[in-house]
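Shown next: target-v9.pdb, given as PDB, C-alpha atoms and all ligand atoms.
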MODEL        1
ATOM      1  CA  MET Y 676      78.999  94.704 104.769  1.00  0.00           C
ATOM      2  CA  SER Y 677      81.681  97.022 103.464  1.00  0.00           C
ATOM      3  CA  LEU Y 678      85.030  95.896 102.185  1.00  0.00           C
ATOM      4  CA  ARG Y 679      87.592  95.348 104.940  1.00  0.00           C
ATOM      5  CA  ILE Y 680      91.343  95.385 104.414  1.00  0.00           C
ATOM      6  CA  THR Y 681      93.585  93.624 106.902  1.00  0.00           C
ATOM      7  CA  CYS Y 682      96.457  95.809 108.036  1.00  0.00           C
ATOM      8  CA  PRO Y 683      99.455  93.887 109.450  1.00  0.00           C
ATOM      9  CA  THR Y 684      99.747  96.523 112.188  1.00  0.00           C
ATOM     10  CA  CYS Y 685      96.122  97.467 112.978  1.00  0.00           C
ATOM     11  CA  GLY Y 686      94.157  94.350 111.936  1.00  0.00           C
ATOM     12  CA  PRO Y 687      90.992  94.324 109.773  1.00  0.00           C
ATOM     13  CA  ARG Y 688      89.827  97.880 108.953  1.00  0.00           C
ATOM     14  CA  SER Y 689      87.074  99.373 106.823  1.00  0.00           C
ATOM     15  CA  ALA Y 690      88.114 100.320 103.284  1.00  0.00           C
ATOM     16  CA  GLU Y 691      87.059 103.880 104.143  1.00  0.00           C
ATOM     17  CA  GLU Y 692      90.274 104.231 106.188  1.00  0.00           C
ATOM     18  CA  TRP Y 693      92.427 103.585 103.119  1.00  0.00           C
ATOM     19  CA  ILE Y 694      93.353 105.037  99.755  1.00  0.00           C
ATOM     20  CA  HIS Y 695      94.396 102.654  97.029  1.00  0.00           C
ATOM     21  CA  GLY Y 696      95.449 102.244  93.459  1.00  0.00           C
ATOM     22  CA  GLU Y 697      95.912  99.561  90.897  1.00  0.00           C
ATOM     23  CA  MET Y 698      99.503  98.412  90.426  1.00  0.00           C
ATOM     24  CA  PHE Y 699     100.313  98.131  86.745  1.00  0.00           C
ATOM     25  CA  ASP Y 700     103.168  98.543  84.334  1.00  0.00           C
ATOM     26  CA  VAL Y 701     103.530 101.477  81.980  1.00  0.00           C
ATOM     27  CA  PRO Y 702     104.128 100.250  78.411  1.00  0.00           C
ATOM     28  CA  ASP Y 703     107.804 100.049  77.444  1.00  0.00           C
ATOM     29  CA  SER Y 704     107.036 102.218  74.425  1.00  0.00           C
ATOM     30  CA  ILE Y 705     106.612 105.237  76.735  1.00  0.00           C
ATOM     31  CA  THR Y 706     110.105 106.525  77.453  1.00  0.00           C
ATOM     32  CA  ASN Y 707     109.421 110.233  78.083  1.00  0.00           C
ATOM     33  CA  THR Y 708     109.235 110.689  81.870  1.00  0.00           C
ATOM     34  CA  ASP Y 709     106.374 113.212  81.677  1.00  0.00           C
ATOM     35  CA  GLU Y 710     104.319 110.880  79.480  1.00  0.00           C
ATOM     36  CA  TRP Y 711     105.194 107.999  81.821  1.00  0.00           C
ATOM     37  CA  ASP Y 712     103.803 109.937  84.813  1.00  0.00           C
ATOM     38  CA  VAL Y 713     100.603 110.833  82.906  1.00  0.00           C
ATOM     39  CA  ASP Y 714     100.059 107.217  81.844  1.00  0.00           C
ATOM     40  CA  ARG Y 715     100.640 105.894  85.343  1.00  0.00           C
ATOM     41  CA  GLY Y 716      98.461 108.573  86.946  1.00  0.00           C
ATOM     42  CA  PHE Y 717      95.496 108.734  84.596  1.00  0.00           C
ATOM     43  CA  PHE Y 718      95.283 105.743  82.250  1.00  0.00           C
ATOM     44  CA  HIS Y 719      94.291 102.879  84.479  1.00  0.00           C
ATOM     45  CA  ASN Y 720      93.401  99.507  83.046  1.00  0.00           C
ATOM     46  CA  ASN Y 721      90.413  98.920  85.356  1.00  0.00           C
ATOM     47  CA  PRO Y 722      90.326  95.184  84.582  1.00  0.00           C
ATOM     48  CA  GLU Y 723      87.582  92.778  85.547  1.00  0.00           C
ATOM     49  CA  GLY Y 724      88.935  89.971  87.712  1.00  0.00           C
ATOM     50  CA  LEU Y 725      92.106  89.670  89.744  1.00  0.00           C
ATOM     51  CA  VAL Y 726      93.984  92.916  90.333  1.00  0.00           C
ATOM     52  CA  GLN Y 727      97.049  93.607  92.413  1.00  0.00           C
ATOM     53  CA  GLU Y 728      96.576  96.822  94.375  1.00  0.00           C
ATOM     54  CA  ALA Y 729      98.545  98.941  96.817  1.00  0.00           C
ATOM     55  CA  TRP Y 730      96.508 100.234  99.774  1.00  0.00           C
ATOM     56  CA  PHE Y 731      97.741 103.005 102.053  1.00  0.00           C
ATOM     57  CA  HIS Y 732      96.318 103.046 105.581  1.00  0.00           C
ATOM     58  CA  LEU Y 733      95.690 106.792 105.556  1.00  0.00           C
ATOM     59  CA  TYR Y 734      93.582 106.989 108.732  1.00  0.00           C
ATOM     60  CA  GLY Y 735      95.595 104.384 110.625  1.00  0.00           C
ATOM     61  CA  CYS Y 736      99.269 103.502 110.828  1.00  0.00           C
ATOM     62  CA  ARG Y 737     100.056 105.095 107.418  1.00  0.00           C
ATOM     63  CA  ARG Y 738     101.675 101.984 105.977  1.00  0.00           C
ATOM     64  CA  TRP Y 739     101.294 100.361 102.565  1.00  0.00           C
ATOM     65  CA  VAL Y 740      99.783  96.920 102.000  1.00  0.00           C
ATOM     66  CA  VAL Y 741      99.753  95.081  98.672  1.00  0.00           C
ATOM     67  CA  ILE Y 742      96.734  92.854  98.066  1.00  0.00           C
ATOM     68  CA  THR Y 743      95.204  90.826  95.255  1.00  0.00           C
ATOM     69  CA  ARG Y 744      91.491  91.566  94.886  1.00  0.00           C
ATOM     70  CA  ASP Y 745      88.838  90.144  92.583  1.00  0.00           C
ATOM     71  CA  THR Y 746      87.068  93.234  91.244  1.00  0.00           C
ATOM     72  CA  ARG Y 747      83.956  91.185  90.394  1.00  0.00           C
ATOM     73  CA  THR Y 748      83.335  90.127  94.003  1.00  0.00           C
ATOM     74  CA  ASP Y 749      85.669  92.336  96.108  1.00  0.00           C
ATOM     75  CA  GLU Y 750      87.111  89.102  97.520  1.00  0.00           C
ATOM     76  CA  ILE Y 751      90.666  89.614  98.771  1.00  0.00           C
ATOM     77  CA  LEU Y 752      92.842  86.630  97.912  1.00  0.00           C
ATOM     78  CA  SER Y 753      96.123  87.700  99.521  1.00  0.00           C
TER      79      SER Y 753
HETATM   80 ZN    ZN Y 801      97.335 100.110 109.821  1.00  0.00          ZN
ENDMDL
END
In structure tokens, what does this structure look like?
Amino acid sequence: MSLRITCPTCGPRSAEEWIHGEMFDVPDSITNTDEWDVDRGFFHNNPEGLVQEAWFHLYGCRRWVVITRDTRTDEILS
């Protein structure tokens, strides 16, 4: 069974309806705004375990949802 994300507006939906990204902090040592954008856009941490992610319901209501997902099991904890 594919991963399902629960949208507060639309209910549980297949992950194929969404786009998502890991939410992480850019290191404080990066102060140049161009370098900040590059780090945030291309240098993801891709950790194993619990990750906080923002999911955008692209093919639904077009709202954002923030979830915590275990990348080892795809279990959604909140
Ligand atoms: Zn929705």
Distance table requested - chain Y against ligand ZN 801 (chain Y), cut-off 8 Å, only C-alpha atoms and all ligand atoms: one row per qualifying residue with the closest atom pair and its distance in Å to one decimal, ordered by chain and rising residue number, as a tab-separated table.
residue	atom	partner	partner_atom	distance
Y:Cys682	CA	Y:ZN801	ZN	4.7
Y:Pro683	CA	Y:ZN801	ZN	6.6
Y:Thr684	CA	Y:ZN801	ZN	4.9
Y:Cys685	CA	Y:ZN801	ZN	4.3
Y:Gly686	CA	Y:ZN801	ZN	6.9
Y:Arg688	CA	Y:ZN801	ZN	7.9
Y:His732	CA	Y:ZN801	ZN	5.3
Y:Tyr734	CA	Y:ZN801	ZN	7.9
Y:Gly735	CA	Y:ZN801	ZN	4.7
Y:Cys736	CA	Y:ZN801	ZN	4.0
Y:Arg737	CA	Y:ZN801	ZN	6.2
Y:Arg738	CA	Y:ZN801	ZN	6.1
Test item: residues at most 7 Å from stretch 690-702 of chain Y, only C-alpha atoms, excluding those fewer than 5 positions along its chain, as a PyMOL selection string
chain Y and resi 678-680+711+714-715+726-735
Name the residues that the PyMOL selection byres (((chain Y and resi 751) around 10) and not hetatm) pulls out of this structure, and write them as a list in words.
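Expected selection for the PyMOL selection byres (((chain Y and resi 751) around 10) and not hetatm) here is Leu678, Arg679, Ile680, Thr681, Leu725, Val726, Gln727, Ile742, Thr743, Arg744, Asp745, Thr746, Thr748, Asp749, Glu750, Leu752 and Ser753 of chain Y.
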Atomic distance atom CA of Y:Glu723 - atom CA of Y:Val740, expressed in Å with one decimal:
20.9 Å
One decimal, Å: what's the distance from atom CA of Y:Asn707 over to atom CA of Y:His719, could you say?
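About the pair atom CA of Y:Asn707 and atom CA of Y:His719: they are 18.0 Å apart.
Atom pair atom CA of Y:Thr706 / atom CA of Y:Phe718 has a distance of 15.6 Å (rounded to one decimal).
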Grab all the atoms of stretch 706-725 of chain Y that the file lists, wrap them in a box along x, y and z, add 8 Å per side, and give me centre plus edge lengths in Å (one decimal) as lines of an AutoDock Vina configuration file.
center_x = 98.8
center_y = 101.4
center_z = 83.6
size_x = 38.5
size_y = 39.5
size_z = 28.3
Return stretch 692-705 of chain Y, completed with N, CA and C atoms, as a PDB file, in the coordinates of the input.
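The new file result33.pdb reads:
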ATOM      1  N   GLU Y 692      89.064 103.715 105.540  1.00  0.00           N
ATOM      2  CA  GLU Y 692      90.274 104.231 106.188  1.00  0.00           C
ATOM      3  C   GLU Y 692      91.469 104.280 105.248  1.00  0.00           C
ATOM      4  N   TRP Y 693      91.297 103.779 104.024  1.00  0.00           N
ATOM      5  CA  TRP Y 693      92.427 103.585 103.119  1.00  0.00           C
ATOM      6  C   TRP Y 693      92.250 104.389 101.836  1.00  0.00           C
ATOM      7  N   ILE Y 694      93.371 104.642 101.156  1.00  0.00           N
ATOM      8  CA  ILE Y 694      93.353 105.037  99.755  1.00  0.00           C
ATOM      9  C   ILE Y 694      94.119 103.958  99.014  1.00  0.00           C
ATOM     10  N   HIS Y 695      93.755 103.734  97.753  1.00  0.00           N
ATOM     11  CA  HIS Y 695      94.396 102.654  97.029  1.00  0.00           C
ATOM     12  C   HIS Y 695      94.498 102.955  95.550  1.00  0.00           C
ATOM     13  N   GLY Y 696      95.304 102.146  94.900  1.00  0.00           N
ATOM     14  CA  GLY Y 696      95.449 102.244  93.459  1.00  0.00           C
ATOM     15  C   GLY Y 696      95.900 100.936  92.878  1.00  0.00           C
ATOM     16  N   GLU Y 697      95.525 100.750  91.639  1.00  0.00           N
ATOM     17  CA  GLU Y 697      95.912  99.561  90.897  1.00  0.00           C
ATOM     18  C   GLU Y 697      97.413  99.609  90.623  1.00  0.00           C
ATOM     19  N   MET Y 698      98.083  98.486  90.762  1.00  0.00           N
ATOM     20  CA  MET Y 698      99.503  98.412  90.426  1.00  0.00           C
ATOM     21  C   MET Y 698      99.614  97.837  89.018  1.00  0.00           C
ATOM     22  N   PHE Y 699     100.188  98.605  88.113  1.00  0.00           N
ATOM     23  CA  PHE Y 699     100.313  98.131  86.745  1.00  0.00           C
ATOM     24  C   PHE Y 699     101.579  98.701  86.137  1.00  0.00           C
ATOM     25  N   ASP Y 700     101.956  98.129  85.017  1.00  0.00           N
ATOM     26  CA  ASP Y 700     103.168  98.543  84.334  1.00  0.00           C
ATOM     27  C   ASP Y 700     102.836  99.527  83.219  1.00  0.00           C
ATOM     28  N   VAL Y 701     103.644 100.551  83.102  1.00  0.00           N
ATOM     29  CA  VAL Y 701     103.530 101.477  81.980  1.00  0.00           C
ATOM     30  C   VAL Y 701     104.176 100.801  80.777  1.00  0.00           C
ATOM     31  N   PRO Y 702     103.546 100.906  79.594  1.00  0.00           N
ATOM     32  CA  PRO Y 702     104.128 100.250  78.411  1.00  0.00           C
ATOM     33  C   PRO Y 702     105.570 100.700  78.163  1.00  0.00           C
ATOM     34  N   ASP Y 703     106.398  99.749  77.729  1.00  0.00           N
ATOM     35  CA  ASP Y 703     107.804 100.049  77.444  1.00  0.00           C
ATOM     36  C   ASP Y 703     107.961 101.100  76.357  1.00  0.00           C
ATOM     37  N   SER Y 704     106.947 101.251  75.527  1.00  0.00           N
ATOM     38  CA  SER Y 704     107.036 102.218  74.425  1.00  0.00           C
ATOM     39  C   SER Y 704     107.031 103.660  74.926  1.00  0.00           C
ATOM     40  N   ILE Y 705     106.617 103.879  76.181  1.00  0.00           N
ATOM     41  CA  ILE Y 705     106.612 105.237  76.735  1.00  0.00           C
ATOM     42  C   ILE Y 705     107.935 105.451  77.458  1.00  0.00           C
TER      43      ILE Y 705
END
